[in-house]
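See structure below.
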Amino acid sequence: MSWIVGTIVIFVLHAIGTLPLARALSKGRVHESAAPAVTDADASQPQQDTTAIKVKDAIPTGIYILADVIVMGIAGFLIGLFTGYYFIGISLQARDWPGMIVFILSSLLGSSI
């Protein structure tokens, strides 16, 4: 049961904690692939909607992982400390694995205290 709760916590924290912190840490730095340059040859072709770019992909990977580790470490420790249980979460994206591992270890540490 703890892995279901842990997975839900991870998904919620990514939305309300990691992404805002990563945006604040990146301060406008965006991958060049996420914001392609427009040339004169492209001006004659129909414009594509740039709002379809995923916000998560626009944040540099290193900054996203740093923000994820900070948020998941604090949350995992506090959840483990207050509940007395450790939680295991699952994430299918490799970019989220460092935060997931820190969440599991910090909830184990918090629950052991």
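Following the order of the structure tokens, chains are lettered A, B, ..., residues in each are numbered from 1, and ligands are numbered from 1.
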
- Message: So that I can see what lies close to stretch 94-110 of chain A, please list as a ChimeraX atom specification the residues with an atom at most 6 Å from it, counting only C-alpha atoms and leaving out residues fewer than 4 positions away in the same chain.
- Response: /A:68-69,72-73,76-77,80-81,86-88
